[in-house]
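Undergrad: Quick one: the structure is below, and I'll ask about it shortly.
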Amino acid sequence: MSSDSGRQLLPTNVKPLHYYLTLEPLFDRFKFNGQEVIDLEVQDDSDSITLHTLEIDILDTSLTTGTGDIVKPVGITTNEDDQTTTFKFNETLLKRGQIANLHIKFVGELNDKMAGFYRSTYEENGEVKYLATTQMEPTDCRRAFPCFDEPNLKARFSISLIGNKKLTFLSNMDVKQEEGIDSTRKKVVFNATPPMSTYLVAFIVGDLSYVESEYKFNDVPVRVYTTPGYEAKGQYAAELGARALEYYEKCFGIKYPLPKMDMVGIHDFSAGAMENWGVVTYRMVDLLYDEQKSTLDTKLRVSEVVAHELAHQWFGNYCTLDFWDSLWLNESFATYMSWKCCNEFYPDWKVWENFVGESLQYALSLDGLRSSHPIEVPVKRADEINQIFDAISYEKGSSVLRMLANWLGEDVFIQGVSKYLKKHAFSNAKTEALWEALSEVSGKDVEGTMKVWTERVGYPLVSIKESGSNVIATQHRFLTTGDVKPEDDGTVYPIFLGLKTDAGLDESVVFDKRSMEVPVKDKSSFFKVNGNSNGVFRVNYEPERWAKLGKAASKLSVEDRIGLVADAGALAVPGFSKTSNLLSLVSGWKSESSVFVWDEILTRLAAIRGAWLFEDRAVKDAIKSLTLDLVGEKSNTLGWKFGKHESFLDQRLKGLLFGSALSAGDCTVVAAADKMFADYVAGDKEAIHPNLRVSIFNSIASKGGEKEFKQLVSIYEHPQSMDEKIAALRSLGRFEDSAILSRVLSLLLDGTVRSQDIYIPLQGMRIHKLGVEMLFKWMCEKWDTLCHMLPPGLSMLGSVVQLCTSGFTKEEQYKKVEEFFQTKDTKGFNQGLAQALETIKSKSGWVARDSKDVEAWLKANGYLK
């Protein structure tokens, strides 16, 4: 293996030009036959070829040299740690500048790990059926065929598939020709792809039906494929997909280069979706939308995921990261552009307000941990790469891009991005190339300003002190644990201070020192830092300013209000501000009108309940009473009936407040929910509006017993829609009966619940004390089973580890988790484990520091006796 900064890389003596690949899935034995020819350009005289392979059996190999000789290797060696196979020849047959052809016949495993070339299982009319599909990103193409599985080793792919004549065959390109092989099998040959990376190769064989978009995008058919019976629910995604492709074409001034776009729903899928060029694969719940039976949240989710994956057709597919260090060039851009695309088509959704409460806060939450990582993070081994597909590569990166676009101006930003994409078309690029293009079009030193944001871990806390007619701003690293050490705090960020006053928003001040004075006119009346929450940092004020801002809601944008609540909540955890400051702030905002601000308020109150999970019940009940005081009247006033002409945001607000009032115990709301559920299970499938479904299922489970358990399992097994199925599954974790929870956990391992969904009931269990305790016990007892089911090299085991541990809040619980993993190989999820431990530590410190403060506030305000 060659080395570039310690990376696990293939030797560079040859590079691939073109793969000619034929595959045949064998569903009767869960194997697949394969043969390939790889055209290779020889870079250096050599006597061996090394490719990536994983769980591939090589049957036969030969090499056609540049002079036309056909030779067999004298030795074949496999390195399981490097996931490679080396073919050794008895002399230097590979001569620099020549083209050689490597021929390989092989057999692979049609696995059930949702990686490489794998099988997805589903039932149709009581019959178990299989579909063969792929998931190559980041390093699993090597499970499907021997290949050069690195993103900068682009090549063309000519793919052929063999299988039953009745089945549908899909791949990246359109069909070139079909031919019968015998009475039952056919061979489908696809046209050659443009140069592309192995992680974007895809092929599918299965019984599929499709719908096609009625909106015409050039001459490109845009289709959604599913197993029969689901395809009609793909029409929304098909229509949005066609419009999104057209939007991106115009946005970047770059034509979509492929002849078709297929989007395929897969029953077993480890991620949300995968941007394979020309044939995007999705988890079913992230692709299908039913206007009558799906929730508004599902509509938003499907829209965002479709827009994200189609943005990848340019970011990632057309122009590709050079290596996985620069994953953000793919994911951050696709995330940013997906919000921009949704805003284009649905301006009334106010997606950028949503972004501040969702993506930005998610990013700041993870990046507040010492165990976070930079946006651009050095990765060396395959088992490290999966761990960086997280909120840093997606949400923090997109938040930094939003900040950058705001600084440059959105039109200039897009112009620079287009220049970058065109310059590196069908090729690979590093972050420096993007900075260069943006600098050229803007005339600003983009690299000098932005490099710190992408290459350093964490973000700053800006503390504001008032002095005469000036304010003094000081920046230090923010850590949720509060224990910032000198070695943690070496970075000084260039911060766009975003000073908002009665005169407007001044974004000209770049704060690039440890401390600086900023003049503020009339600050006695109103000022706020990080106007519209455009910056990726938190702000702390003196107590008097917090109080003034709490009363100045009318002068604050929705983004400002979200940011203010989020900062107050986040600053309480490490002790930079008292939790009582947060409680005082939100208790005065009963008349708030934005669903996104309400969501942030309720999220921060839920965080207090979560941190106090193992404390005196009276305090938790008092927080519940405060929540009820905030939302009860408003929820009852707005009601829980939904009219067809109500706005998207009004409907979301109704649903949110209903759910909050329900969990807080509002008598009227609880009675309404109980009646709706009773009517629903009695046969009235219109009794529960989709926007109330999650809240009602959770409420019924939280106080339910055997009867309710059976009812919710029945809904899970016979759902009206995919999102209803997931809602029922998640609610199963809300039961607070140990016998029922034991049965729920057994469903995760006996095949009742798909491996891809194993984490969903765990999310419900981590909400309550019994669930948190049982989760950890179950994980410890079933560790070997979980490792077999969810191999550490894939990402899902790390998610399970985090869910089963991060609900703890005490030092002794921290030690129990630490002790369990001391004897385990944590490779593949070590980062997630470190983040879970740090989360426990931060909650433990928060409770120890602020328990008396919280009790005093609750007593003073009549919520605690």
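Following the order of the structure tokens, first chain is A, next is B, and so on, with residues numbered from 1 inside each chain and ligands from 1 in the order they appear.
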Using DSSP on the backbone, list every residue of segment 361-524 of chain A that comes out as alpha helix (DSSP H), and give them as a ChimeraX atom specification.
TA: /A:361-367,382-385,397-408,410-423,431-442,446-455
Undergrad: What is the atom CA of Leu321 of chain A-atom CA of Pro151 of chain A distance in Å, reported with one decimal?
TA: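 Atom-to-atom, atom CA of Leu321 of chain A to atom CA of Pro151 of chain A, that is 6.9 Å.
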Undergrad: So, counting only C-alpha atoms, which residue among A:Ala606, A:Leu17, A:Ala271, A:Val279 is closest to Phe389 of chain A?
TA: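 Among the listed residues, A:Ala271 lies closest to Phe389 of chain A.
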Undergrad: I'd like the contact shell of Glu736 of chain A - 12 Å cut-off, only C-alpha atoms, skipping same-chain residues fewer than 4 positions apart - returned as number ranges by chain.
TA: A: 698-706, 709, 731-732, 740-742, 744, 764-774
